[in-house]
Amino acid sequence: MVEDIRDHGAAVDGSTDDTDAINSAVDAAAPDGTVYLPEGDILMGSNSRMPVVLSEDEGGLTIEGAGPAKTNLLMAGGKTDSHFGIYVDPSSGSSISGLRFRNFTLDGQGLEQDYSIGLGIKVTDDGSGPQPVEIRDCVVKDWAVNGIVFEAPGGRVYNSSIVKNGRKREQETGLDGHGLNCDVGDSGTVVADGCLFQDNTGAGADNGSGTLRIRNSVIDRCGYAVKINQDSVEQSVENTLISNIQTEPGIYNIPANTASADLVLNSVVLDTVEMAGVDLPAPEPLAPFEDPEPDTPDALVHLASDHASAVLAAEEALRGERETVNGVDAAPLPDALTVADRRTGFVGAGLPAEHDDPDGVPGDAVPDESPLFMGFKSGFSGNQASEDRVTISEGPFAGGSTQHLSKIHLDLEQWYEQDDREDRVAKMFCPAHASEGRVEGVGDNLGSDSGMGECPVAHDDAREEGTVGHSQKMTDVREDDSPIILRRDFNTTGDGRPGVHFLSLQRDVGDFVATREAMNATALAEETGVGQRSNNGILQYMTVERRGNFLLPPRSLRALPPARP
Amino acid sequence: MTGRPTRRAFLAGAAAGAAGLAGCGGLIQRRGGQPPVLDDRPDAVYVPSHVEGMEMIGMPTETATYGVALSFTYPHRFWLVRDDETTRVTPRDAADVHLMATVWDRETGAVLPDPAPHVEVRRDGETVAATTLWPMLSQPMGAHFGDNVALDGDGGYDLRVTLGPPTTPRLSGPAYPDRPETFTAGFQFSGSRLETIGVRTLDGRSGDRDAVAPMSMEMLPDLRAPAADALPGAKRETATSGDARFVARVLAPERAGTDAPYLAVSARTPYNRFALPELSLTATVDGDAVPLTPAVDPALGYHYGAPVSGVESASLSLTATAPPQISRHEGYETAFLSMPSASLP
């Protein structure tokens with residue numbers, strides 16, 4: 001028995017509300033008949049936030065359209081409360097047998113709503129077991145939160161597209177919404193086969209509890225592909241392409257580090273994962289002439305203190321060698337982590353001069369008061385980015401930062417034994433600082449910045465002097481007269497040779513790359529007497545041996561234990 | 001290259017600048033240190049107090065892009081150049097050798113003075129020394145790279161060399177690869193071997209405005225700048241500044257791959273005809289300043305150039321706003337520093 005809604009008074013014109021006609025057709029067709037939704041725009045819900053409610057009385061019903069590209073079932077806009085397209089709500093203890101939705105588009109018009117909670121199809125749980133609801137050849141699109149929600153087991157979605165859901169909620173609240181949301185309990189199962197999950201702001205499919213199986217599908221341009229919660233039992237993804245993921249890992253497991261579902265991935269292609277707001281490229285050479293080894297450990301722990309004993313105590317705690325530090329219970333590194341490398345060093349007035357024993361550090365050459373091996377103060381407060389400038393401002397990693405770490409060998413013999421002091425001042429700062437004698441000692445007389453306002457622009461000195469200073473080149477990458485990286489570099493004699501561990505924070509690794517490109521001054525080397533490395537700042541004296549990029553958690557989570565000022 | 005190469009490079013008196021070494025001065029004991037720098041040096045190229053031989057470290061290496069000849073000699077003094085000032089570098093006591101690399105572009109055959117090679121000296125897996133060699137100019141060798149290096153006594157070392165790409169492009173043809181190239185060469189060092197390298201004083205000629213002849217090395221291409229007669233293009237006059245020679249030519253746009261006639265200036269040393277790199281060179285063409293940038297070309301060698309409309313018949317002068325910033329060996333450290341503008345009538 002097929003009931004065409006037009007025979008029940010539907011206008012199918014997209015502006016007249018057809019809710020009553022749909023319900024009249026449902027009543028006539030139930031329990032085992034078919035409601036036919038003809039080609040055209042069918043508006044519903046103008047006066048109801050739940051225009052189609054089905055229960056066990058409608059068991060066996062099919063609602064069928066003329067095709068997903070032809071039949072558009074539209075939720076009226078302007079909803080000011082939570083709203084549902086098709087609400088399947090069996091009474092307690094009842095099962096609905098065989099509800100089928102086929103061949104139509106269910107459009108929530110989410111961006112036309114005035115409320116951030118709207119669901120396309122929701123199947124509630126009465127606790128009595130499976131409610132076999134099958135969705136086939138449908139499009140479920142643009143619902144304020146989620147496209148399809150199964151709270152009862154037995155949901156099946158075939159050959160359907162679940163797209164553009166969650167946009168309203170993201171717009172209103174900054175939170176996301178999912179294509180398919182399943183929360184069907186320990187013994188329940190939901191299957192999606194042959195589906196496209198696309199442009200949903202949250203997960204393509206969110207597995208809140210129970211078992212969710214996704215096969216032969218595409219999950220594209222979603223915030224994340226599959227979200228697995230702690231009550232999930234099993235999550236399988238088979239023969240599926242996951243691509244262009246936007247905000248979280250393709251398979252997103254929350255809460256983190258909680259044992260949850262068995263995860264089965266079989267023939268899954270995880271393509272482009274685009275986590276919005278954070279670009280964390282693999283380390284690569286940042287000068288044409290350098291050939292660094294990439295550093296790719298899973299984690300980097302940076303311990304710093306004014307007191308070496310504090311750093312060493314913290315290290316012992318991390319390695320599980322002591323139970324408390326400074327009166328706080330120690331939290332050793334998880335067993336899953338082993339120490340791949342340990343790099344040590346020092347920074348601060350007097351320390352470099354004390355470390356002049358190793359080969360390669362000329363005796364008595366480093367000024368006693370210098371904080372760094374190169375003999376000059378470099379962390380002028382005016383030469384540092386602010387914490388805000390290096391903090392990720394939005395997206396899932398808001399509050400975090402990126403960190404670049406390089407290991408650099410310093411040729412202090414050339415620097416101290418071959419260049420003279422005037423050469424060093426010219427190459428560290430600018431030629432005019434050298435010729436005018438503007439730098440005293442390690443540069444404390446310069447005040448809070450390195451006085452680059454007194455230097456000609458780098459290009460002019462390159463042409464006229466054949467030499468450009470390091471600081472002079474860096475003025476080009478300043479933003480609002482401030483650098484864009486926050487440096488935390490320190491010297492080392494860790495492997496028996498002088499060097500620097502150059503650790504810096506920046507909002508985006510690209511900020512570091514831009515800073516390094518300014519330092520390379522390749523164009524000046526190409527066009528003027530400035531060499532690729534000689535007379536080109538301090539490039540002659542430093543050789544980058546390793547590079548690595550890391551993601552830093554938000555500042556509030558960065559100190560161990562949390563800093564309490 | 002054909003023929004059986006000799007691993008020892010001799011100071012050949014037969015090459016250009018026929019005032020050979022034989023008979024001028026004599027072999028000296030190196031152990032006694034270098035003769036002092038002459039008291040009275042002209043502000044020009046001059047014959048130094050002495051000249052050292054050198055020894056190749058294996059055969060020249062060909063990487064994908066570059067030819068590289070590694071060699072060594074006694075540690076010795078040289079001068080860094082910053083603008084028009086020099087800083088004399090005296091080898092420190094620990095230095096065992098002066099390590100050198102001569103680099104040329106396999107595609108154009110031109111000497112490459114700017115892809116500073118980084119050399120890591122390793123022994124038994126440990127790094128003994130690591131340094132970026134200075135770009136350097138010497139009378140026997142022309143543009144090369146070098147520095148004094150401390151080793152760890154006699155024995156076998158591995159030299160891991162990383163170089164390139166140069167900042168000086170080819171005028172035409174394929175661009176250089178954008179990553180460095182690396183190779184490793186074995187180096188058997190002994191102090192007694194070093195002592196067999198000849199050193200000659202040049203008593204009779206020291207201080208003369210002349211140069212010792214270029215070293216002839218059979219396994220290396222001729223890395224001198226092309227003879228003026230061999231340069232392509234329409235001749236302009238040759239000018240002199242600070243004892244450097246500027247040989248100017250104008251090439252047709254189609255030859256240079258430019259959209260206007262290409263002004264090419266080969267800056268070279270007198271006597272030995274070595275290219276002078278790392279100049280900031282500006283041409284003034286009918287009163288307009290045109291910065292020239294370096295490039296290499298099979299026929300022009302290392303030179304400075306720019307496309308300039310109407311340059312064929314324009315008035316032309318050249319100004320080195322910064323003289324060659326390349327480090328100097330003795331005999332070149334007082335030349336090419338003060339370089340007044342030179343008109344090419």
# chains A, B, ... in the order shown; residues from 1 in each chain; ligands from 1
$ interface_residues --of "chain B" --to "chain A" --cutoff "7 Å" --atoms "only C-alpha atoms" --output "list in words"
Arg82, Asp83, Thr87, Val89, Asp114, Pro115, Thr131, Thr132, Trp134, Leu163, Gly164, Pro165, Thr167, Thr168, Asp178, Arg179, Pro180, Glu278, Leu279, Ser280, Thr293, Pro294, Thr321, Ala322, Pro324 and Gln325 of chain B
$ write_last_selection --atoms "N, CA and C atoms" --output "mmCIF file, in the first residue's frame"
data_model
loop_
_atom_site.group_PDB
_atom_site.id
_atom_site.type_symbol
_atom_site.label_atom_id
_atom_site.label_comp_id
_atom_site.auth_asym_id
_atom_site.auth_seq_id
_atom_site.Cartn_x
_atom_site.Cartn_y
_atom_site.Cartn_z
ATOM 1 N N ARG B 82 87.139 42.156 5.074
ATOM 2 C CA ARG B 82 85.816 42.682 5.382
ATOM 3 C C ARG B 82 85.786 44.116 4.858
ATOM 4 N N ASP B 83 84.945 44.335 3.901
ATOM 5 C CA ASP B 83 84.949 45.588 3.147
ATOM 6 C C ASP B 83 86.367 45.801 2.596
ATOM 7 N N THR B 87 92.111 41.268 7.961
ATOM 8 C CA THR B 87 92.493 40.766 9.281
ATOM 9 C C THR B 87 93.430 39.593 9.061
ATOM 10 N N VAL B 89 95.336 36.316 9.659
ATOM 11 C CA VAL B 89 95.123 35.088 10.416
ATOM 12 C C VAL B 89 96.450 34.352 10.522
ATOM 13 N N ASP B 114 82.003 30.185 -4.413
ATOM 14 C CA ASP B 114 81.093 30.481 -3.302
ATOM 15 C C ASP B 114 80.362 29.331 -2.631
ATOM 16 N N PRO B 115 80.367 28.097 -3.110
ATOM 17 C CA PRO B 115 79.663 27.078 -2.314
ATOM 18 C C PRO B 115 80.573 26.547 -1.221
ATOM 19 N N THR B 131 84.883 22.145 10.025
ATOM 20 C CA THR B 131 84.995 23.571 9.735
ATOM 21 C C THR B 131 84.433 23.876 8.353
ATOM 22 N N THR B 132 83.974 25.084 8.203
ATOM 23 C CA THR B 132 83.571 25.566 6.894
ATOM 24 C C THR B 132 84.749 26.333 6.314
ATOM 25 N N TRP B 134 87.130 28.742 4.281
ATOM 26 C CA TRP B 134 86.969 30.110 3.782
ATOM 27 C C TRP B 134 87.168 30.156 2.270
ATOM 28 N N LEU B 163 78.901 20.311 0.190
ATOM 29 C CA LEU B 163 78.995 21.603 -0.472
ATOM 30 C C LEU B 163 77.817 21.862 -1.408
ATOM 31 N N GLY B 164 77.619 23.111 -1.638
ATOM 32 C CA GLY B 164 76.668 23.559 -2.608
ATOM 33 C C GLY B 164 75.286 23.760 -2.018
ATOM 34 N N PRO B 165 74.371 24.226 -2.828
ATOM 35 C CA PRO B 165 74.622 24.772 -4.152
ATOM 36 C C PRO B 165 75.224 26.178 -4.054
ATOM 37 N N THR B 167 75.774 30.194 -4.668
ATOM 38 C CA THR B 167 74.818 31.294 -4.814
ATOM 39 C C THR B 167 74.941 31.943 -6.183
ATOM 40 N N THR B 168 76.002 31.639 -6.892
ATOM 41 C CA THR B 168 76.187 32.218 -8.219
ATOM 42 C C THR B 168 75.545 31.304 -9.257
ATOM 43 N N ASP B 178 68.931 22.114 -5.660
ATOM 44 C CA ASP B 178 68.764 23.008 -4.513
ATOM 45 C C ASP B 178 69.219 22.381 -3.197
ATOM 46 N N ARG B 179 69.838 21.209 -3.267
ATOM 47 C CA ARG B 179 70.345 20.602 -2.047
ATOM 48 C C ARG B 179 71.864 20.438 -2.147
ATOM 49 N N PRO B 180 72.529 20.408 -1.006
ATOM 50 C CA PRO B 180 73.973 20.189 -1.043
ATOM 51 C C PRO B 180 74.329 18.774 -1.499
ATOM 52 N N GLU B 278 83.142 37.664 -5.382
ATOM 53 C CA GLU B 278 82.592 38.332 -4.204
ATOM 54 C C GLU B 278 82.869 39.832 -4.183
ATOM 55 N N LEU B 279 82.713 40.422 -5.337
ATOM 56 C CA LEU B 279 82.688 41.873 -5.465
ATOM 57 C C LEU B 279 81.246 42.351 -5.418
ATOM 58 N N SER B 280 81.017 43.532 -4.839
ATOM 59 C CA SER B 280 79.764 44.246 -5.115
ATOM 60 C C SER B 280 80.091 45.202 -6.249
ATOM 61 N N THR B 293 75.370 41.377 -11.190
ATOM 62 C CA THR B 293 75.376 40.214 -10.302
ATOM 63 C C THR B 293 76.196 39.107 -10.940
ATOM 64 N N PRO B 294 76.846 38.293 -10.126
ATOM 65 C CA PRO B 294 77.713 37.257 -10.677
ATOM 66 C C PRO B 294 76.943 36.100 -11.310
ATOM 67 N N THR B 321 81.708 48.746 -5.201
ATOM 68 C CA THR B 321 81.319 49.372 -3.931
ATOM 69 C C THR B 321 81.867 48.582 -2.759
ATOM 70 N N ALA B 322 82.063 47.288 -2.947
ATOM 71 C CA ALA B 322 82.832 46.491 -1.985
ATOM 72 C C ALA B 322 83.824 45.667 -2.801
ATOM 73 N N PRO B 324 86.650 42.604 -3.663
ATOM 74 C CA PRO B 324 86.460 41.154 -3.520
ATOM 75 C C PRO B 324 86.607 40.726 -2.059
ATOM 76 N N GLN B 325 85.538 40.164 -1.524
ATOM 77 C CA GLN B 325 85.526 39.824 -0.100
ATOM 78 C C GLN B 325 86.176 38.473 0.170
#
$ select_by_dssp --residues "range 102-304 of chain B" --states "helix (DSSP H, G or I)" --output "NGL selection string"
:B and (191-195 or 228-230 or 253-256)
$ write_last_selection --atoms "N, CA and C atoms" --output "PDB file, in the first residue's frame"
ATOM      1  N   GLY B 191     103.239  13.711   9.396  1.00  0.00           N
ATOM      2  CA  GLY B 191     104.077  14.896   9.475  1.00  0.00           C
ATOM      3  C   GLY B 191     105.258  14.801   8.526  1.00  0.00           C
ATOM      4  N   SER B 192     105.787  13.587   8.360  1.00  0.00           N
ATOM      5  CA  SER B 192     106.949  13.464   7.476  1.00  0.00           C
ATOM      6  C   SER B 192     106.530  13.672   6.022  1.00  0.00           C
ATOM      7  N   ARG B 193     105.333  13.250   5.701  1.00  0.00           N
ATOM      8  CA  ARG B 193     104.841  13.488   4.340  1.00  0.00           C
ATOM      9  C   ARG B 193     104.705  14.986   4.097  1.00  0.00           C
ATOM     10  N   LEU B 194     104.202  15.676   5.091  1.00  0.00           N
ATOM     11  CA  LEU B 194     104.054  17.127   4.957  1.00  0.00           C
ATOM     12  C   LEU B 194     105.412  17.772   4.686  1.00  0.00           C
ATOM     13  N   GLU B 195     106.415  17.252   5.373  1.00  0.00           N
ATOM     14  CA  GLU B 195     107.739  17.868   5.247  1.00  0.00           C
ATOM     15  C   GLU B 195     108.335  17.705   3.846  1.00  0.00           C
ATOM     16  N   ALA B 228      91.292  37.255 -22.522  1.00  0.00           N
ATOM     17  CA  ALA B 228      90.435  38.330 -23.032  1.00  0.00           C
ATOM     18  C   ALA B 228      90.065  38.088 -24.493  1.00  0.00           C
ATOM     19  N   ASP B 229      91.030  37.603 -25.246  1.00  0.00           N
ATOM     20  CA  ASP B 229      90.763  37.370 -26.667  1.00  0.00           C
ATOM     21  C   ASP B 229      89.705  36.306 -26.893  1.00  0.00           C
ATOM     22  N   ALA B 230      89.548  35.436 -25.909  1.00  0.00           N
ATOM     23  CA  ALA B 230      88.618  34.316 -26.080  1.00  0.00           C
ATOM     24  C   ALA B 230      87.216  34.629 -25.583  1.00  0.00           C
ATOM     25  N   PRO B 253      71.235  39.509 -26.713  1.00  0.00           N
ATOM     26  CA  PRO B 253      70.249  38.923 -25.781  1.00  0.00           C
ATOM     27  C   PRO B 253      70.049  37.425 -26.009  1.00  0.00           C
ATOM     28  N   GLU B 254      70.032  37.018 -27.272  1.00  0.00           N
ATOM     29  CA  GLU B 254      69.768  35.596 -27.529  1.00  0.00           C
ATOM     30  C   GLU B 254      70.921  34.718 -27.027  1.00  0.00           C
ATOM     31  N   ARG B 255      72.131  35.250 -27.038  1.00  0.00           N
ATOM     32  CA  ARG B 255      73.261  34.480 -26.514  1.00  0.00           C
ATOM     33  C   ARG B 255      73.184  34.365 -24.989  1.00  0.00           C
ATOM     34  N   ALA B 256      72.751  35.447 -24.339  1.00  0.00           N
ATOM     35  CA  ALA B 256      72.754  35.468 -22.873  1.00  0.00           C
ATOM     36  C   ALA B 256      71.446  34.958 -22.286  1.00  0.00           C
TER      37      ALA B 256
END
$ residues_around --residues "range 237-252 of chain A" --least-positions-apart "5" --cutoff "7 Å" --atoms "only C-alpha atoms" --output "number ranges by chain"
A: 213-228, 264-276, 396
$ write_last_selection --atoms "N, CA and C atoms" --output "compact mmCIF listing (two decimals), in the first residue's frame"
# COMPACT_ATOMS: atom_id res chain seq x y z
N ARG A 213 30.43 -0.24 12.92
CA ARG A 213 31.21 -0.77 11.80
C ARG A 213 30.99 0.11 10.58
N ILE A 214 32.08 0.59 10.03
CA ILE A 214 32.01 1.42 8.83
C ILE A 214 32.74 0.67 7.72
N ARG A 215 32.08 0.51 6.58
CA ARG A 215 32.70 -0.23 5.49
C ARG A 215 32.49 0.53 4.18
N ASN A 216 33.41 0.36 3.28
CA ASN A 216 33.24 0.78 1.89
C ASN A 216 32.79 2.23 1.80
N SER A 217 33.36 3.06 2.62
CA SER A 217 32.87 4.44 2.72
C SER A 217 33.99 5.44 2.48
N VAL A 218 33.59 6.68 2.43
CA VAL A 218 34.54 7.79 2.33
C VAL A 218 34.23 8.77 3.45
N ILE A 219 35.25 9.14 4.20
CA ILE A 219 35.08 10.18 5.22
C ILE A 219 36.00 11.33 4.82
N ASP A 220 35.40 12.42 4.44
CA ASP A 220 36.19 13.49 3.81
C ASP A 220 35.82 14.84 4.44
N ARG A 221 36.81 15.67 4.65
CA ARG A 221 36.61 17.06 5.10
C ARG A 221 35.78 17.15 6.37
N CYS A 222 35.89 16.16 7.23
CA CYS A 222 35.24 16.26 8.53
C CYS A 222 36.26 16.75 9.55
N GLY A 223 35.78 17.18 10.72
CA GLY A 223 36.70 17.59 11.77
C GLY A 223 37.62 16.44 12.13
N TYR A 224 37.03 15.27 12.24
CA TYR A 224 37.81 14.06 12.43
C TYR A 224 36.99 12.93 11.83
N ALA A 225 37.60 11.79 11.61
CA ALA A 225 36.90 10.73 10.89
C ALA A 225 36.00 9.95 11.83
N VAL A 226 36.63 9.34 12.83
CA VAL A 226 35.89 8.48 13.75
C VAL A 226 36.28 8.88 15.15
N LYS A 227 35.29 9.10 15.98
CA LYS A 227 35.58 9.42 17.37
C LYS A 227 35.21 8.21 18.23
N ILE A 228 36.15 7.81 19.04
CA ILE A 228 35.93 6.63 19.87
C ILE A 228 35.93 7.09 21.33
N VAL A 264 39.57 -1.74 14.83
CA VAL A 264 39.92 -2.58 13.69
C VAL A 264 40.00 -1.70 12.46
N LEU A 265 41.16 -1.60 11.87
CA LEU A 265 41.31 -0.85 10.63
C LEU A 265 41.77 -1.84 9.57
N ASN A 266 41.03 -1.90 8.52
CA ASN A 266 41.37 -2.87 7.48
C ASN A 266 41.20 -2.18 6.13
N SER A 267 42.25 -2.10 5.35
CA SER A 267 42.18 -1.44 4.05
C SER A 267 41.67 -0.02 4.17
N VAL A 268 42.21 0.69 5.12
CA VAL A 268 41.83 2.10 5.30
C VAL A 268 42.93 2.96 4.71
N VAL A 269 42.55 3.88 3.90
CA VAL A 269 43.51 4.85 3.41
C VAL A 269 43.32 6.13 4.20
N LEU A 270 44.32 6.50 4.97
CA LEU A 270 44.26 7.75 5.71
C LEU A 270 45.04 8.76 4.89
N ASP A 271 44.34 9.61 4.23
CA ASP A 271 44.97 10.53 3.28
C ASP A 271 45.32 11.82 4.01
N THR A 272 45.03 12.93 3.44
CA THR A 272 45.45 14.20 4.00
C THR A 272 44.76 14.47 5.33
N VAL A 273 45.53 14.66 6.35
CA VAL A 273 44.95 15.09 7.62
C VAL A 273 45.35 16.54 7.82
N GLU A 274 44.39 17.40 7.80
CA GLU A 274 44.67 18.83 7.92
C GLU A 274 44.15 19.31 9.26
N MET A 275 45.02 19.36 10.23
CA MET A 275 44.57 19.79 11.54
C MET A 275 44.61 21.31 11.56
N ALA A 276 43.45 21.88 11.63
CA ALA A 276 43.36 23.33 11.50
C ALA A 276 44.22 24.03 12.53
N PRO A 396 41.94 23.57 17.77
CA PRO A 396 42.02 22.57 18.84
C PRO A 396 43.29 22.68 19.68
$ closest_residue --among "B:Ile197, B:Leu202, B:Ala130, B:Val121" --to "Ala185 in chain B" --atoms "only C-alpha atoms"
B:Val121
$ select_by_dssp --residues "range 49-88 of chain A" --states "strand (DSSP E)" --output "PyMOL selection string"
chain A and resi 52-54+62-65+71-75+83-88
$ closest_residue --among "B:Gly109, B:Glu126, B:Val68, B:Gln139" --to "Glu333 in chain B" --atoms "only C-alpha atoms"
B:Gln139
$ residues_around --residues "Ile148 in chain A" --least-positions-apart "5" --cutoff "12 Å" --atoms "only C-alpha atoms" --output "VMD selection string"
chain A and resid 84 to 88 106 to 108 118 to 124 133 to 135 138 to 143 155 to 157 160 to 163 165 to 166 177 to 183 190 192 197 200 203 to 206
$ residues_around --residues "Glu62 in chain B" --least-positions-apart "3" --cutoff "12 Å" --atoms "only C-alpha atoms" --output "ChimeraX atom specification"
/B:59,65-70,102-107,181-185,219-220
$ write_last_selection --atoms "N, CA, C and O atoms" --output "PDB file, in the first residue's frame"
ATOM      1  N   MET B  59      92.386  11.556  -5.763  1.00  0.00           N
ATOM      2  CA  MET B  59      92.045  12.130  -7.059  1.00  0.00           C
ATOM      3  C   MET B  59      90.899  13.116  -6.875  1.00  0.00           C
ATOM      4  O   MET B  59      90.136  13.017  -5.920  1.00  0.00           O
ATOM      5  N   THR B  65      77.178  17.357  -9.542  1.00  0.00           N
ATOM      6  CA  THR B  65      77.219  18.706 -10.101  1.00  0.00           C
ATOM      7  C   THR B  65      78.612  19.306 -10.131  1.00  0.00           C
ATOM      8  O   THR B  65      78.932  20.098 -11.011  1.00  0.00           O
ATOM      9  N   TYR B  66      79.434  18.926  -9.171  1.00  0.00           N
ATOM     10  CA  TYR B  66      80.684  19.640  -8.959  1.00  0.00           C
ATOM     11  C   TYR B  66      81.890  18.737  -9.157  1.00  0.00           C
ATOM     12  O   TYR B  66      81.834  17.537  -8.944  1.00  0.00           O
ATOM     13  N   GLY B  67      83.004  19.362  -9.559  1.00  0.00           N
ATOM     14  CA  GLY B  67      84.306  18.725  -9.456  1.00  0.00           C
ATOM     15  C   GLY B  67      85.000  19.320  -8.246  1.00  0.00           C
ATOM     16  O   GLY B  67      84.944  20.538  -8.036  1.00  0.00           O
ATOM     17  N   VAL B  68      85.628  18.489  -7.445  1.00  0.00           N
ATOM     18  CA  VAL B  68      86.275  18.968  -6.236  1.00  0.00           C
ATOM     19  C   VAL B  68      87.654  18.316  -6.120  1.00  0.00           C
ATOM     20  O   VAL B  68      87.772  17.095  -6.159  1.00  0.00           O
ATOM     21  N   ALA B  69      88.678  19.152  -5.991  1.00  0.00           N
ATOM     22  CA  ALA B  69      90.020  18.645  -5.737  1.00  0.00           C
ATOM     23  C   ALA B  69      90.404  19.054  -4.322  1.00  0.00           C
ATOM     24  O   ALA B  69      90.427  20.245  -4.001  1.00  0.00           O
ATOM     25  N   LEU B  70      90.688  18.062  -3.472  1.00  0.00           N
ATOM     26  CA  LEU B  70      91.123  18.337  -2.109  1.00  0.00           C
ATOM     27  C   LEU B  70      92.642  18.281  -2.070  1.00  0.00           C
ATOM     28  O   LEU B  70      93.263  17.450  -2.727  1.00  0.00           O
ATOM     29  N   THR B 102      89.408  22.866  -4.157  1.00  0.00           N
ATOM     30  CA  THR B 102      89.150  23.643  -5.373  1.00  0.00           C
ATOM     31  C   THR B 102      87.885  23.065  -6.005  1.00  0.00           C
ATOM     32  O   THR B 102      87.760  21.852  -6.149  1.00  0.00           O
ATOM     33  N   VAL B 103      86.953  23.935  -6.327  1.00  0.00           N
ATOM     34  CA  VAL B 103      85.637  23.474  -6.767  1.00  0.00           C
ATOM     35  C   VAL B 103      85.318  24.089  -8.117  1.00  0.00           C
ATOM     36  O   VAL B 103      85.512  25.290  -8.322  1.00  0.00           O
ATOM     37  N   TRP B 104      84.838  23.268  -9.045  1.00  0.00           N
ATOM     38  CA  TRP B 104      84.390  23.805 -10.321  1.00  0.00           C
ATOM     39  C   TRP B 104      83.055  23.192 -10.703  1.00  0.00           C
ATOM     40  O   TRP B 104      82.636  22.165 -10.184  1.00  0.00           O
ATOM     41  N   ASP B 105      82.377  23.881 -11.581  1.00  0.00           N
ATOM     42  CA  ASP B 105      81.074  23.458 -12.069  1.00  0.00           C
ATOM     43  C   ASP B 105      81.302  22.514 -13.249  1.00  0.00           C
ATOM     44  O   ASP B 105      81.904  22.904 -14.252  1.00  0.00           O
ATOM     45  N   ARG B 106      80.836  21.294 -13.148  1.00  0.00           N
ATOM     46  CA  ARG B 106      81.076  20.338 -14.224  1.00  0.00           C
ATOM     47  C   ARG B 106      80.373  20.756 -15.513  1.00  0.00           C
ATOM     48  O   ARG B 106      80.810  20.438 -16.606  1.00  0.00           O
ATOM     49  N   GLU B 107      79.251  21.475 -15.364  1.00  0.00           N
ATOM     50  CA  GLU B 107      78.478  21.862 -16.551  1.00  0.00           C
ATOM     51  C   GLU B 107      79.200  22.943 -17.365  1.00  0.00           C
ATOM     52  O   GLU B 107      79.301  22.852 -18.581  1.00  0.00           O
ATOM     53  N   GLU B 181      75.560  18.606  -1.934  1.00  0.00           N
ATOM     54  CA  GLU B 181      76.058  17.285  -2.292  1.00  0.00           C
ATOM     55  C   GLU B 181      77.209  16.933  -1.349  1.00  0.00           C
ATOM     56  O   GLU B 181      77.950  17.810  -0.902  1.00  0.00           O
ATOM     57  N   THR B 182      77.312  15.661  -1.078  1.00  0.00           N
ATOM     58  CA  THR B 182      78.220  15.204  -0.028  1.00  0.00           C
ATOM     59  C   THR B 182      79.078  14.058  -0.539  1.00  0.00           C
ATOM     60  O   THR B 182      78.589  13.240  -1.314  1.00  0.00           O
ATOM     61  N   PHE B 183      80.341  14.042  -0.170  1.00  0.00           N
ATOM     62  CA  PHE B 183      81.158  12.874  -0.455  1.00  0.00           C
ATOM     63  C   PHE B 183      82.199  12.716   0.655  1.00  0.00           C
ATOM     64  O   PHE B 183      82.413  13.614   1.463  1.00  0.00           O
ATOM     65  N   THR B 184      82.802  11.559   0.680  1.00  0.00           N
ATOM     66  CA  THR B 184      83.813  11.278   1.691  1.00  0.00           C
ATOM     67  C   THR B 184      85.099  10.860   0.987  1.00  0.00           C
ATOM     68  O   THR B 184      85.064  10.102   0.025  1.00  0.00           O
ATOM     69  N   ALA B 185      86.201  11.393   1.449  1.00  0.00           N
ATOM     70  CA  ALA B 185      87.507  11.058   0.872  1.00  0.00           C
ATOM     71  C   ALA B 185      88.442  10.613   1.990  1.00  0.00           C
ATOM     72  O   ALA B 185      88.411  11.158   3.089  1.00  0.00           O
ATOM     73  N   MET B 219      95.440  16.928 -13.394  1.00  0.00           N
ATOM     74  CA  MET B 219      94.114  16.330 -13.309  1.00  0.00           C
ATOM     75  C   MET B 219      92.995  17.349 -13.119  1.00  0.00           C
ATOM     76  O   MET B 219      91.856  16.978 -12.988  1.00  0.00           O
ATOM     77  N   LEU B 220      93.338  18.612 -13.124  1.00  0.00           N
ATOM     78  CA  LEU B 220      92.309  19.637 -12.973  1.00  0.00           C
ATOM     79  C   LEU B 220      92.121  20.390 -14.284  1.00  0.00           C
ATOM     80  O   LEU B 220      93.077  20.601 -15.025  1.00  0.00           O
TER      81      LEU B 220
END
$ residues_around --residues "Asn103 in chain A" --least-positions-apart "5" --cutoff "7 Å" --atoms "only C-alpha atoms" --output "number ranges by chain"
A: 64-68, 136-138
$ write_last_selection --atoms "C-alpha atoms" --output "PDB file, in the first residue's frame"
ATOM      1  CA  GLU A  64      10.391   6.550   0.200  1.00  0.00           C
ATOM      2  CA  GLY A  65      11.237   9.442  -2.099  1.00  0.00           C
ATOM      3  CA  ALA A  66      11.743   9.811  -5.827  1.00  0.00           C
ATOM      4  CA  GLY A  67      15.503   9.955  -5.344  1.00  0.00           C
ATOM      5  CA  PRO A  68      17.881  11.906  -3.151  1.00  0.00           C
ATOM      6  CA  ARG A 136      19.269   3.662   2.280  1.00  0.00           C
ATOM      7  CA  ASP A 137      20.039   5.977  -0.647  1.00  0.00           C
ATOM      8  CA  CYS A 138      19.365   9.095   1.396  1.00  0.00           C
TER       9      CYS A 138
END
